[in-house]
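Colleague: Input structure13.txt, format and content: compact mmCIF, C-alpha atoms and all ligand atoms.
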# COMPACT_ATOMS: atom_id res chain seq x y z
CA MET A 15 36.59 -93.66 -52.51
CA LYS A 16 34.13 -90.98 -51.51
CA PHE A 17 33.21 -89.68 -48.06
CA LYS A 18 29.92 -87.81 -47.68
CA ILE A 19 29.68 -86.04 -44.35
CA LEU A 20 26.41 -84.89 -42.82
CA THR A 21 27.34 -82.13 -40.40
CA LEU A 22 26.22 -78.86 -38.84
CA PHE A 23 29.77 -77.53 -39.31
CA PRO A 24 30.86 -78.24 -42.92
CA GLU A 25 33.58 -75.59 -42.67
CA ILE A 26 35.58 -77.96 -40.40
CA PHE A 27 36.39 -80.10 -43.49
CA PRO A 28 38.81 -81.00 -44.97
CA GLY A 29 40.75 -79.35 -42.09
CA PRO A 30 43.72 -81.55 -41.12
CA LEU A 31 42.95 -83.89 -44.02
CA SER A 32 44.28 -81.27 -46.43
CA TYR A 33 47.84 -81.75 -45.11
CA SER A 34 50.60 -84.28 -45.74
CA ILE A 35 49.66 -87.76 -47.02
CA SER A 36 45.88 -87.22 -47.08
CA GLY A 37 46.28 -83.72 -48.54
CA LYS A 38 48.36 -85.07 -51.43
CA ALA A 39 45.81 -87.85 -51.95
CA ILE A 40 42.96 -85.29 -52.21
CA LYS A 41 44.96 -83.35 -54.82
CA ARG A 42 45.58 -86.57 -56.76
CA LYS A 43 41.82 -87.32 -56.54
CA LEU A 44 42.47 -90.65 -54.78
CA PHE A 45 39.55 -89.86 -52.50
CA LYS A 46 36.86 -87.19 -52.30
CA ILE A 47 35.12 -85.42 -49.45
CA GLU A 48 31.67 -83.90 -49.82
CA THR A 49 29.96 -82.12 -46.93
CA ILE A 50 26.21 -81.76 -46.56
CA ASN A 51 24.99 -79.11 -44.14
CA ILE A 52 22.20 -80.62 -42.04
CA ARG A 53 20.90 -77.10 -41.29
CA ASP A 54 20.08 -76.57 -44.99
CA PHE A 55 17.26 -79.10 -44.51
CA SER A 56 15.56 -77.33 -41.61
CA LYS A 57 11.96 -76.39 -42.37
CA THR A 58 11.82 -73.39 -40.02
CA LYS A 59 12.61 -69.78 -40.78
CA SER A 60 15.20 -69.67 -38.03
CA LYS A 61 16.85 -72.85 -39.41
CA THR A 62 16.31 -74.85 -36.21
CA VAL A 63 17.54 -78.46 -36.33
CA ASP A 64 17.07 -79.60 -32.73
CA ASP A 65 14.55 -79.83 -29.91
CA LYS A 66 14.32 -80.84 -26.24
CA PRO A 67 14.52 -84.55 -25.40
CA PHE A 68 11.25 -86.35 -24.63
CA GLY A 69 11.33 -87.49 -21.01
CA GLY A 70 13.37 -84.48 -19.96
CA GLY A 71 17.08 -84.10 -19.38
CA ALA A 72 19.88 -81.80 -20.41
CA GLY A 73 20.72 -80.62 -23.91
CA MET A 74 19.09 -80.76 -27.30
CA ILE A 75 18.54 -83.57 -29.79
CA ILE A 76 18.86 -83.24 -33.58
CA LYS A 77 15.48 -83.94 -35.21
CA PRO A 78 14.95 -87.10 -37.30
CA ASP A 79 13.02 -85.42 -40.15
CA VAL A 80 15.80 -82.89 -40.79
CA LEU A 81 18.42 -85.66 -40.70
CA GLN A 82 16.33 -87.83 -43.06
CA ASP A 83 16.04 -85.06 -45.63
CA SER A 84 19.79 -84.47 -45.53
CA LEU A 85 20.40 -88.22 -45.90
CA GLU A 86 18.01 -88.46 -48.88
CA PHE A 87 19.98 -85.63 -50.47
CA ALA A 88 23.25 -87.47 -49.78
CA LYS A 89 21.83 -90.59 -51.45
CA GLU A 90 21.29 -88.73 -54.73
CA ASN A 91 24.18 -89.47 -57.13
CA SER A 92 25.44 -92.02 -54.66
CA PHE A 93 27.60 -95.09 -55.26
CA LYS A 94 25.80 -98.44 -54.90
CA LYS A 95 28.41 -99.90 -52.58
CA LYS A 96 28.01 -97.48 -49.69
CA LYS A 97 27.87 -97.69 -45.94
CA LEU A 98 26.10 -95.42 -43.47
CA ILE A 99 27.93 -94.60 -40.25
CA PHE A 100 26.79 -92.55 -37.27
CA LEU A 101 29.63 -91.41 -35.02
CA THR A 102 28.71 -91.71 -31.36
CA PRO A 103 30.50 -92.53 -28.09
CA SER A 104 27.90 -95.27 -27.56
CA GLY A 105 28.85 -97.07 -30.79
CA LYS A 106 31.15 -100.02 -31.53
CA ARG A 107 34.75 -98.98 -30.80
CA LEU A 108 36.67 -98.22 -34.02
CA ASN A 109 39.66 -100.44 -34.74
CA SER A 110 41.92 -101.50 -37.58
CA LYS A 111 39.67 -104.45 -38.56
CA LEU A 112 36.65 -102.15 -38.98
CA ILE A 113 38.71 -99.72 -41.07
CA HIS A 114 39.70 -102.59 -43.40
CA GLU A 115 35.99 -103.45 -43.73
CA PHE A 116 34.98 -99.83 -44.42
CA ILE A 117 37.45 -99.33 -47.28
CA LYS A 118 35.74 -102.13 -49.23
CA HIS A 119 32.94 -99.61 -49.88
CA GLU A 120 32.99 -97.06 -52.68
CA GLU A 121 31.29 -94.52 -50.44
CA LEU A 122 30.96 -93.89 -46.71
CA VAL A 123 28.15 -91.62 -45.58
CA ILE A 124 29.21 -90.31 -42.18
CA ILE A 125 26.72 -88.61 -39.87
CA CYS A 126 28.19 -86.26 -37.25
CA GLY A 127 26.14 -85.55 -34.14
CA ARG A 128 26.25 -82.41 -31.98
CA TYR A 129 24.60 -81.27 -28.73
CA GLU A 130 23.18 -84.29 -26.80
CA GLY A 131 23.04 -86.37 -29.98
CA ILE A 132 20.40 -87.36 -32.53
CA ASP A 133 16.89 -88.91 -32.47
CA ASN A 134 17.39 -92.67 -32.24
CA ARG A 135 14.60 -93.44 -34.76
CA PHE A 136 16.80 -92.03 -37.53
CA ILE A 137 19.45 -94.68 -36.73
CA GLU A 138 16.87 -97.49 -36.51
CA PHE A 139 14.96 -96.49 -39.64
CA ASN A 140 18.07 -96.32 -41.83
CA LYS A 141 19.91 -99.26 -40.19
CA ILE A 142 22.99 -97.12 -39.58
CA GLU A 143 26.14 -98.60 -38.02
CA GLU A 144 27.12 -96.74 -34.83
CA ILE A 145 30.87 -96.18 -34.39
CA SER A 146 32.84 -94.64 -31.55
CA VAL A 147 36.43 -93.40 -31.85
CA GLY A 148 37.15 -94.06 -28.18
CA ASP A 149 35.84 -94.15 -24.64
CA TYR A 150 35.50 -90.41 -24.11
CA VAL A 151 32.95 -87.79 -25.17
CA LEU A 152 33.78 -85.20 -27.83
CA SER A 153 31.67 -82.10 -28.48
CA GLY A 154 30.78 -83.25 -31.98
CA GLY A 155 31.29 -86.01 -34.56
CA GLU A 156 33.46 -83.93 -36.90
CA ILE A 157 36.81 -84.68 -35.23
CA ALA A 158 35.79 -88.34 -35.04
CA ALA A 159 34.99 -88.24 -38.78
CA ILE A 160 38.44 -86.84 -39.53
CA ILE A 161 40.01 -89.71 -37.55
CA LEU A 162 37.92 -92.29 -39.40
CA ILE A 163 38.62 -90.81 -42.85
CA ASP A 164 42.36 -90.44 -42.21
CA ALA A 165 42.62 -94.07 -41.11
CA CYS A 166 40.71 -95.24 -44.22
CA VAL A 167 42.60 -93.08 -46.69
CA ARG A 168 46.07 -94.40 -45.85
CA LEU A 169 44.87 -97.90 -46.85
CA ILE A 170 43.79 -96.79 -50.33
CA PRO A 171 46.33 -98.12 -52.87
CA GLU A 172 48.73 -95.39 -54.12
CA VAL A 173 48.13 -93.09 -51.13
CA LEU A 174 51.26 -94.20 -49.25
CA GLY A 175 54.60 -93.84 -51.01
CA ASN A 176 55.73 -97.21 -49.66
CA ARG A 177 52.90 -99.67 -49.02
CA ASN A 178 55.38 -101.98 -47.23
CA SER A 179 55.04 -99.71 -44.20
CA LEU A 180 51.48 -101.05 -43.78
CA ASN A 181 52.86 -104.57 -43.18
CA SER A 182 54.80 -103.65 -40.06
CA GLU A 183 52.47 -101.03 -38.60
CA SER A 184 50.75 -101.32 -35.27
CA PHE A 185 47.69 -103.64 -35.27
CA CYS A 186 49.00 -105.62 -38.21
CA ASN A 187 48.91 -109.30 -37.02
CA ASP A 188 47.53 -108.17 -33.62
CA LEU A 189 50.86 -106.60 -32.63
CA LEU A 190 52.00 -103.05 -31.87
CA GLU A 191 54.96 -101.67 -33.77
CA TYR A 192 58.51 -102.22 -32.46
CA PRO A 193 60.54 -99.16 -31.32
CA GLN A 194 62.10 -97.13 -34.14
CA TYR A 195 65.35 -95.08 -34.19
CA THR A 196 67.17 -92.70 -36.52
CA LYS A 197 70.37 -90.57 -36.46
CA PRO A 198 72.25 -89.69 -34.31
CA ARG A 199 73.45 -93.11 -33.10
CA GLU A 200 73.95 -91.72 -29.62
CA TRP A 201 71.59 -89.09 -28.17
CA ASN A 202 71.57 -87.78 -24.59
CA GLY A 203 73.59 -90.82 -23.52
CA LEU A 204 71.13 -93.25 -25.14
CA GLU A 205 72.45 -95.62 -27.84
CA VAL A 206 70.56 -97.10 -30.78
CA PRO A 207 70.34 -100.91 -30.21
CA ASP A 208 73.41 -102.58 -31.71
CA VAL A 209 71.47 -105.13 -33.76
CA LEU A 210 69.97 -102.35 -35.93
CA LEU A 211 73.43 -101.11 -36.97
CA LYS A 212 74.89 -104.40 -38.26
CA GLY A 213 72.82 -104.87 -41.41
CA ASN A 214 71.84 -108.49 -40.60
CA HIS A 215 68.22 -108.38 -41.79
CA LYS A 216 67.28 -111.77 -40.32
CA GLU A 217 68.52 -110.70 -36.88
CA ILE A 218 66.81 -107.30 -37.23
CA SER A 219 63.47 -108.98 -38.05
CA LYS A 220 63.86 -111.33 -35.06
CA TRP A 221 64.66 -108.40 -32.72
CA ARG A 222 61.74 -106.33 -34.03
CA LEU A 223 59.27 -109.19 -33.61
CA LYS A 224 60.49 -109.78 -30.04
CA LYS A 225 60.15 -106.07 -29.21
CA SER A 226 56.68 -105.93 -30.79
CA ILE A 227 55.55 -108.87 -28.69
CA ILE A 228 56.93 -107.35 -25.46
CA LYS A 229 55.35 -103.96 -26.18
CA THR A 230 51.97 -105.49 -27.04
CA LYS A 231 52.02 -107.62 -23.88
CA ASN A 232 52.73 -104.55 -21.72
CA MET A 233 50.55 -101.95 -23.45
CA ARG A 234 47.65 -104.00 -24.82
CA PRO A 235 47.12 -107.32 -23.05
CA ASP A 236 43.84 -107.73 -24.98
CA LEU A 237 45.67 -107.67 -28.33
CA TYR A 238 48.47 -109.87 -26.95
CA GLU A 239 45.91 -112.51 -26.01
CA ASP A 240 44.61 -112.55 -29.60
CA TYR A 241 48.17 -112.74 -30.90
CA VAL A 242 49.01 -115.69 -28.64
CA LYS A 243 45.90 -117.52 -29.77
CA LYS A 244 46.87 -117.13 -33.43
CA ASN A 245 50.66 -117.49 -33.25
CA LYS A 246 52.80 -120.05 -31.48
CA GLU A 247 55.80 -117.66 -31.33
CA GLY A 248 53.80 -115.45 -29.02
CA LYS A 249 53.84 -118.05 -26.26
N1 LIG B 301 24.95 -87.53 -25.18
C1 LIG B 301 25.87 -88.31 -25.90
C2 LIG B 301 26.31 -89.51 -25.06
O1 LIG B 301 26.39 -89.40 -23.86
O2 LIG B 301 26.58 -90.58 -25.65
C3 LIG B 301 27.12 -87.51 -26.26
C4 LIG B 301 26.85 -86.44 -27.27
S1 LIG B 301 28.33 -85.62 -27.81
C5 LIG B 301 28.40 -84.27 -26.74
C6 LIG B 301 27.87 -84.91 -29.34
C7 LIG B 301 28.24 -85.71 -30.57
O3 LIG B 301 29.65 -85.85 -30.62
C8 LIG B 301 27.72 -87.12 -30.65
O4 LIG B 301 26.39 -87.18 -31.12
C9 LIG B 301 28.70 -87.77 -31.61
O5 LIG B 301 28.35 -87.55 -32.96
C10 LIG B 301 30.01 -87.04 -31.31
N2 LIG B 301 30.91 -87.83 -30.45
C11 LIG B 301 31.24 -87.54 -29.17
N3 LIG B 301 32.10 -88.44 -28.68
C12 LIG B 301 32.33 -89.34 -29.66
C13 LIG B 301 33.12 -90.52 -29.76
N4 LIG B 301 33.84 -90.96 -28.73
N5 LIG B 301 33.12 -91.19 -30.93
C14 LIG B 301 32.39 -90.76 -31.98
N6 LIG B 301 31.61 -89.66 -31.95
C15 LIG B 301 31.57 -88.94 -30.81
Starting from the coordinates I provided, produce the structure as structure tokens.
Modeller:
Amino acid sequence: MKFKILTLFPEIFPGPLSYSISGKAIKRKLFKIETINIRDFSKTKSKTVDDKPFGGGAGMIIKPDVLQDSLEFAKENSFKKKKLIFLTPSGKRLNSKLIHEFIKHEELVIICGRYEGIDNRFIEFNKIEEISVGDYVLSGGEIAAIILIDACVRLIPEVLGNRNSLNSESFCNDLLEYPQYTKPREWNGLEVPDVLLKGNHKEISKWRLKKSIIKTKNMRPDLYEDYVKKNKEGK
């Protein structure tokens, strides 16, 4: 899988993606990151990429012609099965289902905004999907891109040492993960639940499912509702 990132700050990448699981996956060429500097496509001597918003208001807007030229460049030597994504707080909120959809593509072209954002005609003209990483405003799309890429990469076959861990992770089957424990058995007066120490795998699974359901109900009533709809045990 390939990620092409249109950004004004290419030096941010790969950043945290070069560590741990994703870092090993880059080294093993299980995915690739290519950055395209939007500023390289400015037509002015001073390399300007933005201008004041029509209608007034604070901040600056990245110009559509500069963005279009950088996108045309990104499309050269591109995979057929690609998806264009603009990261914006006003987009559809990112979730596990969307990530599973995104990894079906050979290539994601990710556009990172800065300042007050980008000219909306660029989004309309190219039919770009708008994605938000949460209900808060970041200074730029780069950190959001790292979140999106990291979440995609761990679903690529061979990236995780043990793919079984994907089956019990949070958001699998609309549930959050059950609480986890390791050594020591007693810590600061707190004991590891007895059921986890007895080796009865059927009982452990039952306990974990129960804990997952309780946690989801408390933390994410929206997910719990979906779970109840789909599973009788959730009632
Ligand atoms: N004026 C914009 C608004 O109110 O929606 C916010 C612009 S923000 C300061 C600059 C850039 O950061 C955005 O264009 C976007 O690319 C990125 N960004 C900020 N928050 C984000 C979020 N929650 N999800 C994805 N991208 C975000």
Colleague: Pick out the residues no farther than 8 Å from ligand LIG 301 (chain B), counting only C-alpha atoms and all ligand atoms, and list them as a ChimeraX atom specification.
Modeller: /A:100-105,107,125-132,145-159
Colleague: Any chance you could export the current selection's C-alpha atoms as a PDB file, keeping the file's coordinate frame?
Modeller:
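The resulting selection-v6.pdb:
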ATOM      1  CA  PHE A 100      26.790 -92.550 -37.270  1.00  0.00           C
ATOM      2  CA  LEU A 101      29.630 -91.410 -35.020  1.00  0.00           C
ATOM      3  CA  THR A 102      28.710 -91.710 -31.360  1.00  0.00           C
ATOM      4  CA  PRO A 103      30.500 -92.530 -28.090  1.00  0.00           C
ATOM      5  CA  SER A 104      27.900 -95.270 -27.560  1.00  0.00           C
ATOM      6  CA  GLY A 105      28.850 -97.070 -30.790  1.00  0.00           C
ATOM      7  CA  ARG A 107      34.750 -98.980 -30.800  1.00  0.00           C
ATOM      8  CA  ILE A 125      26.720 -88.610 -39.870  1.00  0.00           C
ATOM      9  CA  CYS A 126      28.190 -86.260 -37.250  1.00  0.00           C
ATOM     10  CA  GLY A 127      26.140 -85.550 -34.140  1.00  0.00           C
ATOM     11  CA  ARG A 128      26.250 -82.410 -31.980  1.00  0.00           C
ATOM     12  CA  TYR A 129      24.600 -81.270 -28.730  1.00  0.00           C
ATOM     13  CA  GLU A 130      23.180 -84.290 -26.800  1.00  0.00           C
ATOM     14  CA  GLY A 131      23.040 -86.370 -29.980  1.00  0.00           C
ATOM     15  CA  ILE A 132      20.400 -87.360 -32.530  1.00  0.00           C
ATOM     16  CA  ILE A 145      30.870 -96.180 -34.390  1.00  0.00           C
ATOM     17  CA  SER A 146      32.840 -94.640 -31.550  1.00  0.00           C
ATOM     18  CA  VAL A 147      36.430 -93.400 -31.850  1.00  0.00           C
ATOM     19  CA  GLY A 148      37.150 -94.060 -28.180  1.00  0.00           C
ATOM     20  CA  ASP A 149      35.840 -94.150 -24.640  1.00  0.00           C
ATOM     21  CA  TYR A 150      35.500 -90.410 -24.110  1.00  0.00           C
ATOM     22  CA  VAL A 151      32.950 -87.790 -25.170  1.00  0.00           C
ATOM     23  CA  LEU A 152      33.780 -85.200 -27.830  1.00  0.00           C
ATOM     24  CA  SER A 153      31.670 -82.100 -28.480  1.00  0.00           C
ATOM     25  CA  GLY A 154      30.780 -83.250 -31.980  1.00  0.00           C
ATOM     26  CA  GLY A 155      31.290 -86.010 -34.560  1.00  0.00           C
ATOM     27  CA  GLU A 156      33.460 -83.930 -36.900  1.00  0.00           C
ATOM     28  CA  ILE A 157      36.810 -84.680 -35.230  1.00  0.00           C
ATOM     29  CA  ALA A 158      35.790 -88.340 -35.040  1.00  0.00           C
ATOM     30  CA  ALA A 159      34.990 -88.240 -38.780  1.00  0.00           C
TER      31      ALA A 159
END
Colleague: From the options A:Ile218, A:Ala39, A:Ile124, A:Ile170, which residue's atoms come nearest to Lys96 of chain A, counting only C-alpha atoms?
Modeller: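 Once distances to Lys96 of chain A are computed over only C-alpha atoms, the minimum belongs to A:Ile124.
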Colleague: Pick from A:Tyr238, A:Tyr195, A:Phe23, A:Phe185: nearest to Asn109 of chain A, with only C-alpha atoms counted?
Modeller: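 The shortest atom-to-atom distance to Asn109 of chain A comes from A:Phe185.
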Colleague: Considering all atoms listed in the file, state which residue in the set A:Asp65, A:Glu217, A:Asp133, A:Glu120 is at the smallest distance from Leu81 of chain A.
Modeller: A:Asp133
Colleague: Quick one: distance from atom CA of Pro78 of chain A to atom CA of Ser92 of chain A in Å, one decimal?
Modeller: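 So the two atoms, atom CA of Pro78 of chain A and atom CA of Ser92 of chain A, lie 20.9 Å apart.
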Colleague: List the neighbours of Gln82 of chain A out to 10 Å using all atoms listed in the file; skip same-chain residues closer than 4 positions along the sequence, and give me the result as a count of residues only.
Modeller: 11
Colleague: Between A:Leu190, A:Ile40, A:Ile99, A:Ile142, single out the one closest to Glu121 of chain A, counting only C-alpha atoms.
Modeller: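 Between A:Leu190, A:Ile40, A:Ile99, A:Ile142, the residue approaching Glu121 of chain A most closely is A:Ile99.
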Colleague: Applying 7 Å and only C-alpha atoms, which residues near Arg53 of chain A remain after dropping the ones on its own chain fewer than 5 positions away? List them as a list in words.
Modeller: Leu22, Lys61 and Val63 of chain A
Colleague: What lies within 12 Å of Met233 of chain A using only C-alpha atoms, ignoring chain neighbours under 4 positions off, as number ranges by chain?
Modeller: A: 184, 189-191, 225-229, 237-239
Colleague: Now that the selection is made, can you save its residues with C-alpha atoms as a compact mmCIF listing (two decimals), in the frame of the given file?
Modeller:
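Once written, again27.txt looks like this:
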# COMPACT_ATOMS: atom_id res chain seq x y z
CA SER A 184 50.75 -101.32 -35.27
CA LEU A 189 50.86 -106.60 -32.63
CA LEU A 190 52.00 -103.05 -31.87
CA GLU A 191 54.96 -101.67 -33.77
CA LYS A 225 60.15 -106.07 -29.21
CA SER A 226 56.68 -105.93 -30.79
CA ILE A 227 55.55 -108.87 -28.69
CA ILE A 228 56.93 -107.35 -25.46
CA LYS A 229 55.35 -103.96 -26.18
CA LEU A 237 45.67 -107.67 -28.33
CA TYR A 238 48.47 -109.87 -26.95
CA GLU A 239 45.91 -112.51 -26.01
